[in-house]
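Take a look at the structure below.
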Amino acid sequence: MTSPQKNYLTFDNKNLEKMTTELLSIIPVLPSADLDRDIAWYKEKLGFEIYFSDKMYAVLYRENICVHLQWHADTQSDPLLGGSVIRIYVKNITALFDELVTKGTVTSDKMQLNTPWKTNEFGFYDLNNNAIFIMEDTANNL
C-alpha cells in the first residue's frame, strides 16, 4: 500500500498506526426563545458574526470562540430550559465514534456526515438526559 486509506489508517515509516481522536474544545449550545432577537443581541452586544443560521439553529463566532443557539418552543415537550447540551469539537472523529459504538454508548447509525452546517457529528444522552454531541468541522473554519 502506498497511500493512506480512508478507513482511518495512516502509514508512517511503513508502520501501520491507527488514528486517534484529538479532543479540541467544548462548544456550548444555549437555548433560545427567539433566534433572530438573540442573534442580533450577540452581534450588537458581543461582536459575534454568523457562521450558520436557519429557523431552528445558529452558529455564531468571534475570533476563536464559538456559541451555538438552539430554538425551543417552550412547551412541555420542548422546554426552553430542558437538559443541557454540549458539543465537543474533535479532530479525526471516526476513531472515537468506533470506540463509542463498541462500548454501546451510541449506535452505528448515528453518524451524520457533511451536515448543512459543515460538520461530521454524532450525539447521545448521558444518564441525566444531557445531550452530548461530538463534532468535527468539515470546512476547517471553526
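Ligands are numbered from 1 in the order shown, chains are lettered A, B, ... in the order of the C-alpha cells, and residues start at 1 in each chain.
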
- Message: Give me the residues near range 37-47 of chain A as number ranges by chain, where near means some atom within 9 Å (using only C-alpha atoms) and where sequence neighbours in that chain fewer than 3 positions away do not count.
- Response: A: 32-34, 50, 58, 60-62, 69

Would you give me, as a tab-separated table, each residue of range 3-101 of chain A having an atom within 9 Å of an atom of range 118-129 of chain A, along with its shortest atom pair and that distance in Å to one decimal, using only C-alpha atoms and sorting by chain and residue number?
residue	atom	partner	partner_atom	distance
A:Phe52	CA	A:Lys118	CA	9.0
A:Gly82	CA	A:Asn129	CA	8.9
A:Gly83	CA	A:Asn129	CA	6.0
A:Ser84	CA	A:Asn129	CA	7.9
A:Arg87	CA	A:Gly123	CA	8.7
A:Ile93	CA	A:Asn120	CA	7.7
A:Phe97	CA	A:Phe122	CA	7.8

- Message: Quick one: residues within 12 Å of Asn64 in chain A, only C-alpha atoms, excluding same-chain residues fewer than 2 positions away - as number ranges by chain?
- Response: A: 24-27, 48-49, 60-62, 66-67, 141-142

- Give the strand (DSSP E) residues of chain A, as assigned by DSSP on the backbone, as a VMD selection string. chain A and resid 9 to 12 15 to 18 22 to 32 49 to 53 57 to 62 65 to 71 85 to 91 119 to 125 131 to 137

- Query: CA of Ile65 in chain A and CA of Ala95 in chain A are how many Å apart?
  - Reply: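 Distance between the two atoms: 25.4 Å.
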
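Near Thr21 in chain A, within 12 Å and counting only C-alpha atoms, sit Tyr8, Ile88, Tyr89, Val90, Lys91, Asn92, Ile93, Thr94, Ala95, Leu96, Phe97, Asp98, Glu99, Leu100, Ile134, Met135 and Glu136 of chain A, not including residues fewer than 5 positions from it in the same chain.
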
Saved selection, atoms kept: N, CA and C atoms, as an mmCIF file, in the first residue's frame:
data_model
loop_
_atom_site.group_PDB
_atom_site.id
_atom_site.type_symbol
_atom_site.label_atom_id
_atom_site.label_comp_id
_atom_site.auth_asym_id
_atom_site.auth_seq_id
_atom_site.Cartn_x
_atom_site.Cartn_y
_atom_site.Cartn_z
ATOM 1 N N TYR A 8 -9.460 5.224 8.180
ATOM 2 C CA TYR A 8 -8.768 5.816 9.318
ATOM 3 C C TYR A 8 -7.471 5.127 9.701
ATOM 4 N N ILE A 88 -18.722 18.697 21.635
ATOM 5 C CA ILE A 88 -17.289 18.509 21.815
ATOM 6 C C ILE A 88 -16.654 18.468 20.430
ATOM 7 N N TYR A 89 -15.798 19.433 20.179
ATOM 8 C CA TYR A 89 -15.138 19.601 18.893
ATOM 9 C C TYR A 89 -13.882 18.734 18.877
ATOM 10 N N VAL A 90 -13.752 17.885 17.854
ATOM 11 C CA VAL A 90 -12.638 16.942 17.769
ATOM 12 C C VAL A 90 -11.990 16.968 16.392
ATOM 13 N N LYS A 91 -10.859 16.335 16.306
ATOM 14 C CA LYS A 91 -10.190 16.077 15.035
ATOM 15 C C LYS A 91 -10.111 14.564 14.890
ATOM 16 N N ASN A 92 -10.431 14.031 13.736
ATOM 17 C CA ASN A 92 -10.452 12.588 13.466
ATOM 18 C C ASN A 92 -11.590 11.902 14.237
ATOM 19 N N ILE A 93 -12.805 12.274 13.940
ATOM 20 C CA ILE A 93 -13.985 11.821 14.669
ATOM 21 C C ILE A 93 -14.220 10.312 14.588
ATOM 22 N N THR A 94 -13.806 9.674 13.501
ATOM 23 C CA THR A 94 -14.153 8.274 13.255
ATOM 24 C C THR A 94 -13.627 7.329 14.327
ATOM 25 N N ALA A 95 -12.417 7.550 14.791
ATOM 26 C CA ALA A 95 -11.849 6.659 15.808
ATOM 27 C C ALA A 95 -12.672 6.690 17.094
ATOM 28 N N LEU A 96 -13.072 7.878 17.541
ATOM 29 C CA LEU A 96 -13.888 7.981 18.757
ATOM 30 C C LEU A 96 -15.274 7.396 18.525
ATOM 31 N N PHE A 97 -15.856 7.644 17.353
ATOM 32 C CA PHE A 97 -17.163 7.066 17.038
ATOM 33 C C PHE A 97 -17.108 5.545 17.114
ATOM 34 N N ASP A 98 -16.107 4.943 16.500
ATOM 35 C CA ASP A 98 -15.962 3.486 16.546
ATOM 36 C C ASP A 98 -15.804 2.979 17.971
ATOM 37 N N GLU A 99 -15.028 3.687 18.784
ATOM 38 C CA GLU A 99 -14.844 3.313 20.184
ATOM 39 C C GLU A 99 -16.177 3.330 20.934
ATOM 40 N N LEU A 100 -16.963 4.398 20.739
ATOM 41 C CA LEU A 100 -18.225 4.531 21.471
ATOM 42 C C LEU A 100 -19.298 3.576 20.953
ATOM 43 N N ILE A 134 -20.646 15.014 19.558
ATOM 44 C CA ILE A 134 -19.244 15.007 19.163
ATOM 45 C C ILE A 134 -19.225 15.476 17.712
ATOM 46 N N MET A 135 -18.434 16.505 17.411
ATOM 47 C CA MET A 135 -18.459 17.049 16.052
ATOM 48 C C MET A 135 -17.073 17.367 15.555
ATOM 49 N N GLU A 136 -16.953 17.245 14.228
ATOM 50 C CA GLU A 136 -15.716 17.557 13.513
ATOM 51 C C GLU A 136 -16.060 18.547 12.422
#

- Message: Please identify the helix (DSSP H, G or I) residues within range 20-119 of chain A (assignment by DSSP from backbone atoms) and present them as a ChimeraX atom specification.
- Response: /A:35-46,93-102

Written file, previous selection with C-alpha atoms, as a compact mmCIF listing (two decimals), in the first residue's frame:
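Heads up, here's the output in result33.txt:
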# COMPACT_ATOMS: atom_id res chain seq x y z
CA LEU A 35 -33.30 33.22 17.38
CA ASP A 36 -33.49 36.46 15.36
CA ARG A 37 -33.57 38.54 18.54
CA ASP A 38 -30.75 36.58 20.16
CA ILE A 39 -28.53 36.61 17.06
CA ALA A 40 -28.93 40.40 16.86
CA TRP A 41 -28.02 40.72 20.56
CA TYR A 42 -24.87 38.56 20.19
CA LYS A 43 -23.83 40.60 17.14
CA GLU A 44 -24.53 44.03 18.64
CA LYS A 45 -23.55 43.48 22.26
CA LEU A 46 -20.72 40.96 21.92
CA ILE A 93 -13.99 11.82 14.67
CA THR A 94 -14.15 8.27 13.25
CA ALA A 95 -11.85 6.66 15.81
CA LEU A 96 -13.89 7.98 18.76
CA PHE A 97 -17.16 7.07 17.04
CA ASP A 98 -15.96 3.49 16.55
CA GLU A 99 -14.84 3.31 20.18
CA LEU A 100 -18.22 4.53 21.47
CA VAL A 101 -20.15 2.18 19.15
CA THR A 102 -18.08 -0.72 20.55

- Interatomic distance (Å, one decimal) between CA of Ala139 in chain A and CA of Thr20 in chain A: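 Interatomic distance here is 20.1 Å.
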
- Message: Give me, as a list in words, all polymer residues having an atom no more than 10 Å from Trp117 in chain A, counting only C-alpha atoms and skipping those fewer than 4 positions away in the same chain.
- Response: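 Once the adjacent positions are removed, what remains is Tyr51, Phe52, Ser53, Asp54, Tyr57, Ala58, Val59, Asp137, Thr138 and Ala139 of chain A.
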
- Query: Using only C-alpha atoms, which residues sit within 8 Å of Pro31 in chain A once same-chain residues fewer than 5 positions away are excluded, as a PyMOL selection string?
  - Reply: chain A and resi 69-72+80-81
